[in-house]
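Trainee: Below you will find the structure I want to go over with you.
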Number of protein chains: 2
Amino acid sequence: MTTTSKTRPALNGVDTPTLFATLDAVKANPELAKFQFRATNRWIGGTHNRSMIRGFYGAGQEDATRTEDFVYDADHPAVLVGTGNGPTPVEFLLHAIAACLSAGLANIAAARGVALREVSSTVEGDIDLLGILGLSDQVRNGYQGIRVSFRISGDAPDEVLRGLIDQSRARSAVYDVLTNGVPVSIDVKTV
Amino acid sequence: MTTTSKTRPALNGVDTPTLFATLDAVKANPELAKFQFRATNRWIGGTHNRSMIRGFYGAGQEDATRTEDFVYDADHPAVLVGTGNGPTPVEFLLHAIAACLSAGLANIAAARGVALREVSSTVEGDIDLLGILGLSDQVRNGYQGIRVSFRISGDAPDEVLRGLIDQSRARSAVYDVLTNGVPVSIDVKTV
């Protein structure tokens, strides 16, 4: 007995019926798809600072489900004259791409009826600090390249498992931002 | 009495003499500027997954100063059929840009002899989920725009404080990656 995608049961920890119901709701009212995410950051000292993530707008309203801030420190390590109280800002980009691809993969696998057993990934980003240190005009400030290596086991042939990653990449918000860039505006108020 | 940049004392929690000594060391041996940052991620269930950040290569060797993993969960909120065990992956991008600009600002202020009192920022990212939900070919997957708003107070005139942000942006690794994009390769091993 096969199921069509619309009647698939929950799988991989994904509430597949609700996922499809959500798609239908957004199809009927595309305004629900407009989201705004936010972070606030406070400088602590030196290269050490802290972000709070909590509120967001989406599905037509301000979120009320998050009752506490998610709090993240960032810092430079001692070798970069920091105090090592958190990862460097660029390392959070590596977390973001792994997390986005992994979340998408689980949703897509559920939608396709593929049971996942394990998914893990490693991400490496190469950066030449001659750019940010202002020591070379020929070197960019950011990563020169990022490599993501996935390791997947699940209840499907190799090519089906690989297809999950392909589709996750094709629909990944972080992959899009990192590979295509996004306009970033910066406003300053002095007090 | 004025100081040249090379003789400025520590300021803003930045060890300015060591910062300039580091610049000199890298100038003398540009290989020291080659860094590789890394993250590993493990899928937990549904859209919930967890990254570990610890090891990195830089200044000619593997880092040995981080003795524990930095651990970060990511998830989708309930409205996006997740379990809300962490921020969404795209929210970590907002943390990353705020953290990078703030860290650079403190370094630059120290190098210029500007004492900072307070620095805070808010970051907003607008995203239309019609893209990642596969409901429109006309909508990108990622953020359509990111806005960073800084609030700075320090011991310098307005235009000097604003100049710190300009220079931080000009040398920000995360700003470069987010605005210009970076090649991301994805490799899959099925097991």
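Here, A, B, ... name the chains of the structure tokens in the order displayed, residue numbers run from 1 inside each chain, and ligands are numbered from 1 in the same displayed order.
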What's around Val114 in chain B at 8 Å? Count only C-alpha atoms, leave out sequence neighbours fewer than 4 positions away in its own chain, and write the answer as a ChimeraX atom specification.
Mentor: /B:11,109-110,154-156
Trainee: Would you list the contacts of Ala59 in chain B as a PyMOL selection string, taking every protein, DNA or RNA residue within 10 Å and counting only C-alpha atoms, but skipping same-chain residues closer than 3 positions in sequence?
Mentor: (chain A and resi 79-80+129) or (chain B and resi 25-26+29-35+62-63)
Trainee: Give the strand (DSSP E or B) residues of chain B, as assigned by DSSP on the backbone, as a PyMOL selection string.
Mentor: chain B and resi 11+14+34-45+48-53+56-58+61-62+70-74+116-128+145-154+184-190
Trainee: Between CA of Leu133 in chain B and CA of Ala103 in chain A, what distance in Å does the model show, to one decimal?
Mentor: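 For CA of Leu133 in chain B relative to CA of Ala103 in chain A, the distance reads 12.9 Å.
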Trainee: Mind giving me the straight-line distance from CA of Ile165 in chain A to CA of Leu105 in chain A in Å, one decimal?
Mentor: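 Distance reported for this atom pair: 6.0 Å.
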Trainee: I want to know what sits within 9 Å of Ala170 in chain A, based on only C-alpha atoms, with residues of the same chain fewer than 6 positions away left out; could you give that as a PDB file with N, CA and C atoms, in the first residue's frame?
Mentor:
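File produced: around_7.pdb:
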```pdb
ATOM      1  N   ASP A 176      20.784  29.900   0.376  1.00  0.00           N
ATOM      2  CA  ASP A 176      20.519  31.004  -0.554  1.00  0.00           C
ATOM      3  C   ASP A 176      21.254  32.267  -0.115  1.00  0.00           C
TER       4      ASP A 176
ATOM      5  N   ILE B 132      10.869  29.101   0.413  1.00  0.00           N
ATOM      6  CA  ILE B 132      11.305  27.790   0.940  1.00  0.00           C
ATOM      7  C   ILE B 132      10.155  26.791   0.996  1.00  0.00           C
ATOM      8  N   ASN B 141      14.565  32.061  -1.533  1.00  0.00           N
ATOM      9  CA  ASN B 141      14.484  31.267  -0.299  1.00  0.00           C
ATOM     10  C   ASN B 141      14.916  32.063   0.926  1.00  0.00           C
TER      11      ASN B 141
END
```
Trainee: List as a ChimeraX atom specification the protein and nucleic acid residues near Thr88 in chain A, meaning an atom at most 7 Å away when only C-alpha atoms are counted, but skip any in the same chain fewer than 4 places from it.
Mentor: /A:74-76
Trainee: With all heavy atoms retained, could you export that selection as an mmCIF file, in the first residue's frame?
Mentor:
```cif
data_model
loop_
_atom_site.group_PDB
_atom_site.id
_atom_site.type_symbol
_atom_site.label_atom_id
_atom_site.label_comp_id
_atom_site.auth_asym_id
_atom_site.auth_seq_id
_atom_site.Cartn_x
_atom_site.Cartn_y
_atom_site.Cartn_z
ATOM 1 N N ALA A 74 29.509 35.832 21.543
ATOM 2 C CA ALA A 74 30.514 35.699 20.489
ATOM 3 C C ALA A 74 31.759 36.436 20.955
ATOM 4 O O ALA A 74 31.676 37.383 21.743
ATOM 5 C CB ALA A 74 30.014 36.279 19.165
ATOM 6 N N ASP A 75 32.886 35.978 20.486
ATOM 7 C CA ASP A 75 34.158 36.590 20.895
ATOM 8 C C ASP A 75 35.224 36.148 19.890
ATOM 9 O O ASP A 75 34.991 35.256 19.069
ATOM 10 C CB ASP A 75 34.520 36.111 22.310
ATOM 11 C CG ASP A 75 35.515 37.031 23.036
ATOM 12 O OD1 ASP A 75 36.106 37.932 22.388
ATOM 13 O OD2 ASP A 75 35.699 36.845 24.250
ATOM 14 N N HIS A 76 36.364 36.765 19.972
ATOM 15 C CA HIS A 76 37.513 36.255 19.238
ATOM 16 C C HIS A 76 38.352 35.426 20.205
ATOM 17 O O HIS A 76 38.357 35.688 21.411
ATOM 18 C CB HIS A 76 38.346 37.410 18.671
ATOM 19 C CG HIS A 76 37.667 38.158 17.560
ATOM 20 N ND1 HIS A 76 38.271 39.183 16.870
ATOM 21 C CD2 HIS A 76 36.434 38.018 17.013
ATOM 22 C CE1 HIS A 76 37.435 39.656 15.953
ATOM 23 N NE2 HIS A 76 36.313 38.965 16.026
#
```
Trainee: Pick out the closest residue to Thr190 in chain B from this set: A:Val123, A:Cys100, A:Arg147, A:Glu118. Count only C-alpha atoms.
Mentor: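 Ranked by minimum distance to Thr190 in chain B, first place goes to A:Glu118.
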Trainee: Return the single residue from A:Tyr143, A:Thr65, A:Gly82, A:Gly60 that is closest to Gly45 in chain A, with distances computed using only C-alpha atoms.
Mentor: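 Smallest separation from Gly45 in chain A among the options: A:Gly82.
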Trainee: Quick one: everything within 10 Å of Gly13 in chain B, counting only C-alpha atoms, minus sequence neighbours fewer than 5 positions away in the same chain. Send it as number ranges by chain.
Mentor: A: 44-48, 82-83; B: 106-107, 110, 115-116
Trainee: Dump C-alpha atoms for the selected residues as a short mmCIF file (atom, residue, chain, number, x, y, z; two decimals), in the first residue's frame?
Mentor:
```cif
data_model
loop_
_atom_site.label_atom_id
_atom_site.label_comp_id
_atom_site.auth_asym_id
_atom_site.auth_seq_id
_atom_site.Cartn_x
_atom_site.Cartn_y
_atom_site.Cartn_z
CA ILE A 44 30.35 43.55 26.64
CA GLY A 45 34.01 44.46 26.16
CA GLY A 46 36.75 43.95 23.62
CA THR A 47 35.53 41.52 20.97
CA HIS A 48 33.06 39.93 23.41
CA GLY A 82 40.05 38.23 22.07
CA THR A 83 38.96 36.58 25.29
CA ALA B 106 35.68 47.73 19.51
CA ASN B 107 39.02 46.86 17.90
CA ALA B 110 40.84 51.00 20.46
CA ALA B 115 36.80 55.05 24.41
CA LEU B 116 33.40 53.40 23.94
#
```
Trainee: Find the spatial neighbours of Val182 in chain B, counting only C-alpha atoms, within a cut-off of 10 Å - ignore same-chain residues fewer than 5 positions away - and output them as a ChimeraX atom specification.
Mentor: /A:125,142-146,175,177-181 /B:176-177
